[in-house]
Protein chains: 2
Amino acid sequence: MASLYQHALCPHSRFVRLALGELGATVDLVEEAPWERREAFLHLNPAGTTPVFIDTDGPPVPEAWIIAEYLDETRGLALGERRLLPEPPGARVEVRRLTGWFHTKFFEEVSGPLTFEKVVKRRLPSHQGGGGPDTGIIRAAKANIRYHLQYIGWLARTRDWLAGETMTYADLAAAAHLSVVDFLGDVPWDEDEHARNWYARIKSRPAFRPLLTDAVRGMVPAQSYADLDF
Amino acid sequence: MASLYQHALCPHSRFVRLALGELGATVDLVEEAPWERREAFLHLNPAGTTPVFIDTDGPPVPEAWIIAEYLDETRGLALGERRLLPEPPGARVEVRRLTGWFHTKFFEEVSGPLTFEKVVKRRLPSHQGGGGPDTGIIRAAKANIRYHLQYIGWLARTRDWLAGETMTYADLAAAAHLSVVDFLGDVPWDEDEHARNWYARIKSRPAFRPLLTDAVRGMVPAQSYADLDF
């Protein structure tokens with residue numbers, strides 16, 4: 001069986017889990033704490049980051065965006081009109097642009113600092129930067145999420161899905177990054193009705209369910225995290 | 001004609017110029033200073049980064065890796081066996097992994113800080129962080145380049161080209177990022193003969209020539225920058 005090295009609150013890992021769910025692919029999930037820099041894991045991915053996907057007969061595939069391209073090339077066509085990276089080159093540009101936006105910009109400004117401060121730092125020894133969260137960084141990330149939520153709301157209002165008429169990798173990327181922030185209770189859903197309605201649609205998909213029910217060692221999700229009506 | 005919004009010392013822009021050169025595509029180069037955050041440019045790419053490629057009849061394509069995918073989809077097959085993103089899914093993984101390594105990791109650790117400190121800061125007003133270079137940051141970047149050069153040397157020693165048997169986007173990405181560092185005179189070529197020989201091969205390609213002869217306003221390249229025998 002294929003396997004995925006991932007961390008439960010790593011948004012890039014969650015994105016791949018959503019994509020695999022939409023593709024109907026079952027994989028063996030291997031929990032990896034990338035900050036431990038395990039040597040065997042560094043052999044799979046010298047960059048040391050989750051996720052890494054290992055196909056039944058393929059090489060280790062690192063990085064969310066590379067896994068997405070690989071899954072599209074090896075399994076994407078089977079989805080037909082539900083393909084997560086649609087066929088026309090112009091449409092692919094928009095899907096990749098938004099997917100990259102969430103994996104990079106949203107991650108740098110929101111999901112990255114929040115998970116680092118609230119999740120990773122509790123697990124790191126102090127000589128590696130572990131300790132209590134930096135409230136200034138958390139405050140900045142919680143300010144940044146507001147303009148991202150507005151952007152998602154604007155996209156959801158002007159299109160059926162974030163990148164166009166069908167659900168694509170762009171929706172899965174946005175939802176994956178938002179889901180870890182939502183786990184931590186830091187999404188101000190009241191501020192944008194369109195963003196909330198779009199997220200409710202994604203959240204009710206069968207592929208999303210495992211993310212809502214997974215237990216995360218030592219952490220309790222925010223109260224409405226698993227509610228489909230939030 | 002297609003056009004490319006780019007900056008002469010932006011390594012991601014140089015990567016796209018090399019790819020276009022290898023594809024034999026002529027484009028109109030538009031010099032853009034992304035730190036000026038021109039409104040018309042932000043309309044082309046809300047992320048505000050160079051490069052942005054505009055095809056004769058397509059949407060604006062932002063980000064080096066998205067442009068690379070787009071060029072492969074629209075023009076790549078014409079290269080036949082010289083295709084920069086080879087056909088088999090496993091080979092594509094390795095090309096994308098290394099291309100991403102240079103665009104992200106090498107950029108964060110070497111080419112990004114060096115160009116910011118030595119090029120961008122001279123052009124920014126002081127209230128936006130302009131001023132003299134931070135020698136501590138430059139020293140760190142010049143230390144970081146050494147292990148990257150070793151990695152390139154190791155790849156070049158064990159394979160014909162960085163990602164395998166043919167020249168691919170991985171070579172162009174590594175060469176593009178190294179070329180701006182070389183312009184600034186900060187590549188310790190003496191430290192790795194294999195890396196140097198590989199770079200000499202890339203540097204002698206016709207697609208590379210425009211990068212070597214371009215004038216950059218207010219800057220003089222390092223002495224051996226344009227020499228094919230360096």
# chains A, B, ... in the order shown; residues from 1 in each chain; ligands from 1
call {"tool": "closest_atom_pairs", "arguments": {"of": "chain A", "to": "chain B", "cutoff": "12 Å", "atoms": "only C-alpha atoms", "output": "JSON lines"}}
result
{"residue": "A:Leu44", "atom": "CA", "partner": "B:Arg97", "partner_atom": "CA", "distance": 11.7}
{"residue": "A:Asn45", "atom": "CA", "partner": "B:Arg97", "partner_atom": "CA", "distance": 9.2}
{"residue": "A:Pro46", "atom": "CA", "partner": "B:Trp101", "partner_atom": "CA", "distance": 9.6}
{"residue": "A:Ala47", "atom": "CA", "partner": "B:Trp101", "partner_atom": "CA", "distance": 7.8}
{"residue": "A:Gly48", "atom": "CA", "partner": "B:Lys105", "partner_atom": "CA", "distance": 11.4}
{"residue": "A:Thr49", "atom": "CA", "partner": "B:Lys105", "partner_atom": "CA", "distance": 11.6}
{"residue": "A:Val52", "atom": "CA", "partner": "B:Arg97", "partner_atom": "CA", "distance": 11.4}
{"residue": "A:Phe53", "atom": "CA", "partner": "B:Val93", "partner_atom": "CA", "distance": 11.0}
{"residue": "A:Ile54", "atom": "CA", "partner": "B:Gly90", "partner_atom": "CA", "distance": 11.0}
{"residue": "A:Asp55", "atom": "CA", "partner": "B:Gly90", "partner_atom": "CA", "distance": 10.1}
{"residue": "A:Asp57", "atom": "CA", "partner": "B:Gly90", "partner_atom": "CA", "distance": 9.7}
{"residue": "A:Gly58", "atom": "CA", "partner": "B:Gly90", "partner_atom": "CA", "distance": 6.5}
{"residue": "A:Pro59", "atom": "CA", "partner": "B:Gly90", "partner_atom": "CA", "distance": 6.3}
{"residue": "A:Pro60", "atom": "CA", "partner": "B:Val93", "partner_atom": "CA", "distance": 8.4}
{"residue": "A:Val61", "atom": "CA", "partner": "B:Val93", "partner_atom": "CA", "distance": 6.3}
{"residue": "A:Pro62", "atom": "CA", "partner": "B:Arg97", "partner_atom": "CA", "distance": 7.0}
{"residue": "A:Glu63", "atom": "CA", "partner": "B:Arg97", "partner_atom": "CA", "distance": 7.8}
{"residue": "A:Ala64", "atom": "CA", "partner": "B:Arg97", "partner_atom": "CA", "distance": 10.8}
{"residue": "A:Trp65", "atom": "CA", "partner": "B:Arg96", "partner_atom": "CA", "distance": 9.3}
{"residue": "A:Ile66", "atom": "CA", "partner": "B:Arg96", "partner_atom": "CA", "distance": 6.6}
{"residue": "A:Ile67", "atom": "CA", "partner": "B:Val93", "partner_atom": "CA", "distance": 8.2}
{"residue": "A:Ala68", "atom": "CA", "partner": "B:Val93", "partner_atom": "CA", "distance": 10.6}
{"residue": "A:Glu69", "atom": "CA", "partner": "B:Val93", "partner_atom": "CA", "distance": 8.6}
{"residue": "A:Tyr70", "atom": "CA", "partner": "B:Pro89", "partner_atom": "CA", "distance": 6.5}
{"residue": "A:Leu71", "atom": "CA", "partner": "B:Pro89", "partner_atom": "CA", "distance": 9.3}
{"residue": "A:Asp72", "atom": "CA", "partner": "B:Pro89", "partner_atom": "CA", "distance": 10.0}
{"residue": "A:Glu73", "atom": "CA", "partner": "B:Pro89", "partner_atom": "CA", "distance": 6.9}
{"residue": "A:Thr74", "atom": "CA", "partner": "B:Pro89", "partner_atom": "CA", "distance": 7.3}
{"residue": "A:Arg75", "atom": "CA", "partner": "B:Pro89", "partner_atom": "CA", "distance": 11.1}
{"residue": "A:Glu87", "atom": "CA", "partner": "B:Glu73", "partner_atom": "CA", "distance": 10.1}
{"residue": "A:Pro88", "atom": "CA", "partner": "B:Glu73", "partner_atom": "CA", "distance": 9.4}
{"residue": "A:Pro89", "atom": "CA", "partner": "B:Tyr70", "partner_atom": "CA", "distance": 6.5}
{"residue": "A:Gly90", "atom": "CA", "partner": "B:Pro59", "partner_atom": "CA", "distance": 6.3}
{"residue": "A:Ala91", "atom": "CA", "partner": "B:Pro59", "partner_atom": "CA", "distance": 9.1}
{"residue": "A:Arg92", "atom": "CA", "partner": "B:Tyr70", "partner_atom": "CA", "distance": 8.1}
{"residue": "A:Val93", "atom": "CA", "partner": "B:Val61", "partner_atom": "CA", "distance": 6.3}
{"residue": "A:Glu94", "atom": "CA", "partner": "B:Val61", "partner_atom": "CA", "distance": 8.2}
{"residue": "A:Val95", "atom": "CA", "partner": "B:Ile66", "partner_atom": "CA", "distance": 9.9}
{"residue": "A:Arg96", "atom": "CA", "partner": "B:Ile66", "partner_atom": "CA", "distance": 6.6}
{"residue": "A:Arg97", "atom": "CA", "partner": "B:Pro62", "partner_atom": "CA", "distance": 7.1}
{"residue": "A:Leu98", "atom": "CA", "partner": "B:Ala47", "partner_atom": "CA", "distance": 10.2}
{"residue": "A:Thr99", "atom": "CA", "partner": "B:Ile66", "partner_atom": "CA", "distance": 10.6}
{"residue": "A:Gly100", "atom": "CA", "partner": "B:Glu63", "partner_atom": "CA", "distance": 8.9}
{"residue": "A:Trp101", "atom": "CA", "partner": "B:Ala47", "partner_atom": "CA", "distance": 7.8}
{"residue": "A:Phe102", "atom": "CA", "partner": "B:Ala47", "partner_atom": "CA", "distance": 11.2}
{"residue": "A:Thr104", "atom": "CA", "partner": "B:Thr104", "partner_atom": "CA", "distance": 10.3}
{"residue": "A:Lys105", "atom": "CA", "partner": "B:Ala47", "partner_atom": "CA", "distance": 8.3}
{"residue": "A:Phe106", "atom": "CA", "partner": "B:Ala47", "partner_atom": "CA", "distance": 11.1}
{"residue": "A:Tyr151", "atom": "CA", "partner": "B:Pro46", "partner_atom": "CA", "distance": 10.9}
call {"tool": "write_last_selection", "arguments": {"atoms": "C-alpha atoms", "output": "compact mmCIF listing (two decimals), in the first residue's frame"}}
result
# COMPACT_ATOMS: atom_id res chain seq x y z
CA LEU A 44 13.36 10.21 2.27
CA ASN A 45 13.40 14.00 2.04
CA PRO A 46 16.67 15.90 2.55
CA ALA A 47 14.65 19.08 3.15
CA GLY A 48 13.24 17.40 6.29
CA THR A 49 9.66 18.59 5.79
CA VAL A 52 6.29 12.76 1.97
CA PHE A 53 4.22 10.38 -0.15
CA ILE A 54 5.55 6.94 -1.07
CA ASP A 55 3.72 5.15 -3.83
CA ASP A 57 6.30 1.33 -6.69
CA GLY A 58 7.60 4.86 -6.88
CA PRO A 59 10.27 7.11 -5.37
CA PRO A 60 9.57 9.21 -2.23
CA VAL A 61 7.61 12.29 -3.30
CA PRO A 62 8.21 15.32 -1.04
CA GLU A 63 6.38 18.67 -0.78
CA ALA A 64 2.64 19.22 -1.02
CA TRP A 65 2.76 20.79 -4.49
CA ILE A 66 4.97 18.05 -5.96
CA ILE A 67 2.72 15.35 -4.50
CA ALA A 68 -0.30 17.14 -5.99
CA GLU A 69 1.30 17.15 -9.45
CA TYR A 70 2.31 13.50 -9.05
CA LEU A 71 -1.18 12.43 -7.96
CA ASP A 72 -2.68 14.31 -10.90
CA GLU A 73 -0.29 12.60 -13.32
CA THR A 74 -0.78 9.11 -11.92
CA ARG A 75 -4.43 9.19 -10.81
CA GLU A 87 -7.12 20.21 -18.16
CA PRO A 88 -6.83 23.66 -19.86
CA PRO A 89 -3.45 25.36 -19.29
CA GLY A 90 -5.09 28.67 -18.30
CA ALA A 91 -7.25 27.00 -15.65
CA ARG A 92 -4.23 25.14 -14.32
CA VAL A 93 -2.43 28.46 -13.85
CA GLU A 94 -5.19 29.78 -11.61
CA VAL A 95 -5.41 26.55 -9.60
CA ARG A 96 -1.65 26.50 -9.08
CA ARG A 97 -1.51 30.21 -8.27
CA LEU A 98 -4.08 29.90 -5.49
CA THR A 99 -2.74 26.58 -4.23
CA GLY A 100 0.70 28.21 -4.01
CA TRP A 101 -0.84 31.26 -2.32
CA PHE A 102 -2.16 29.15 0.55
CA THR A 104 3.27 29.74 0.89
CA LYS A 105 1.72 33.08 1.76
CA PHE A 106 -1.09 31.94 4.06
CA TYR A 151 -9.92 37.17 -0.05
call {"tool": "residues_around", "arguments": {"residues": "segment 187-200 of chain A", "least_positions_apart": "4", "cutoff": "12 Å", "atoms": "only C-alpha atoms", "output": "PyMOL selection string"}}
result
chain A and resi 110-111+114+141-162+167+171-183+204-205+208+222+224-230
call {"tool": "write_last_selection", "arguments": {"atoms": "C-alpha atoms", "output": "compact mmCIF listing (two decimals), in the first residue's frame"}}
result
# COMPACT_ATOMS: atom_id res chain seq x y z
CA VAL A 110 -1.03 32.58 9.44
CA SER A 111 -0.94 28.78 9.66
CA LEU A 114 0.22 29.68 14.72
CA ALA A 141 -1.04 35.94 12.70
CA LYS A 142 -4.57 36.49 14.02
CA ALA A 143 -4.56 39.94 12.41
CA ASN A 144 -3.24 38.54 9.10
CA ILE A 145 -5.96 35.90 8.85
CA ARG A 146 -8.60 38.58 8.44
CA TYR A 147 -7.47 39.75 5.02
CA HIS A 148 -7.00 36.16 3.87
CA LEU A 149 -10.54 35.36 4.98
CA GLN A 150 -11.80 38.36 3.02
CA TYR A 151 -9.92 37.17 -0.05
CA ILE A 152 -11.43 33.69 0.29
CA GLY A 153 -14.85 35.27 0.76
CA TRP A 154 -14.38 37.41 -2.35
CA LEU A 155 -13.31 34.40 -4.43
CA ALA A 156 -16.20 32.28 -3.10
CA ARG A 157 -18.67 35.07 -3.88
CA THR A 158 -17.52 35.61 -7.45
CA ARG A 159 -16.96 31.96 -8.45
CA ASP A 160 -18.53 28.61 -7.58
CA TRP A 161 -15.29 27.39 -6.04
CA LEU A 162 -12.09 29.30 -5.27
CA MET A 167 -13.61 22.12 -6.75
CA ASP A 171 -10.05 24.67 -2.37
CA LEU A 172 -8.28 21.77 -0.68
CA ALA A 173 -5.22 23.92 0.06
CA ALA A 174 -7.26 26.76 1.54
CA ALA A 175 -9.36 24.32 3.57
CA ALA A 176 -6.33 22.40 4.83
CA HIS A 177 -4.59 25.53 6.11
CA LEU A 178 -7.80 26.94 7.59
CA SER A 179 -8.54 23.61 9.29
CA VAL A 180 -5.45 23.72 11.50
CA VAL A 181 -6.20 27.32 12.44
CA ASP A 182 -9.79 26.25 13.17
CA PHE A 183 -8.51 23.37 15.33
CA SER A 204 -19.05 18.28 4.83
CA ARG A 205 -17.21 16.24 2.21
CA PHE A 208 -12.70 15.87 5.26
CA ALA A 222 -11.63 24.17 19.68
CA SER A 224 -16.91 23.88 17.12
CA TYR A 225 -14.00 22.33 15.21
CA ALA A 226 -15.83 19.11 14.30
CA ASP A 227 -19.33 20.65 13.91
CA LEU A 228 -20.58 20.78 10.34
CA ASP A 229 -22.91 23.56 11.47
CA PHE A 230 -20.45 26.00 13.07
call {"tool": "atom_distance", "arguments": {"atom1": "atom CA of Val30 of chain B", "atom2": "atom CA of Met219 of chain B"}}
result
18.6 Å
call {"tool": "select_by_dssp", "arguments": {"residues": "segment 12-103 of chain B", "states": "helix (DSSP H, G or I)", "output": "PyMOL selection string"}}
result
chain B and resi 12-23+34-36+39-44+64-82+89-103
call {"tool": "atom_distance", "arguments": {"atom1": "atom CA of Ala8 of chain B", "atom2": "atom CA of Pro210 of chain B"}}
result
10.4 Å
call {"tool": "closest_residue", "arguments": {"among": "A:Ala33, A:Val220, A:Ala25, A:Ala170", "to": "His103 of chain A", "atoms": "only C-alpha atoms"}}
result
A:Ala170
call {"tool": "atom_distance", "arguments": {"atom1": "atom CA of Val216 of chain B", "atom2": "atom CA of Gly185 of chain B"}}
result
14.6 Å
call {"tool": "select_by_dssp", "arguments": {"residues": "segment 10-170 of chain B", "states": "strand (DSSP E or B)", "output": "list in words"}}
result
Asp28, Leu29, Val30, Glu31, Val52, Phe53, Ile54, Pro60, Val61, Pro62, Trp161 and Gly164 of chain B
call {"tool": "residues_around", "arguments": {"residues": "Glu22 of chain A", "least_positions_apart": "6", "cutoff": "10 Å", "atoms": "only C-alpha atoms", "output": "VMD selection string"}}
result
chain A and resid 16 79 82 to 84 172 205 to 208
call {"tool": "closest_residue", "arguments": {"among": "A:Glu39, A:Phe107, A:Arg123, A:Pro86", "to": "Gly218 of chain A", "atoms": "only C-alpha atoms"}}
result
A:Arg123
call {"tool": "closest_residue", "arguments": {"among": "B:Pro133, B:Phe116, B:Asp28, B:Leu18", "to": "Tyr169 of chain B", "atoms": "only C-alpha atoms"}}
result
B:Leu18
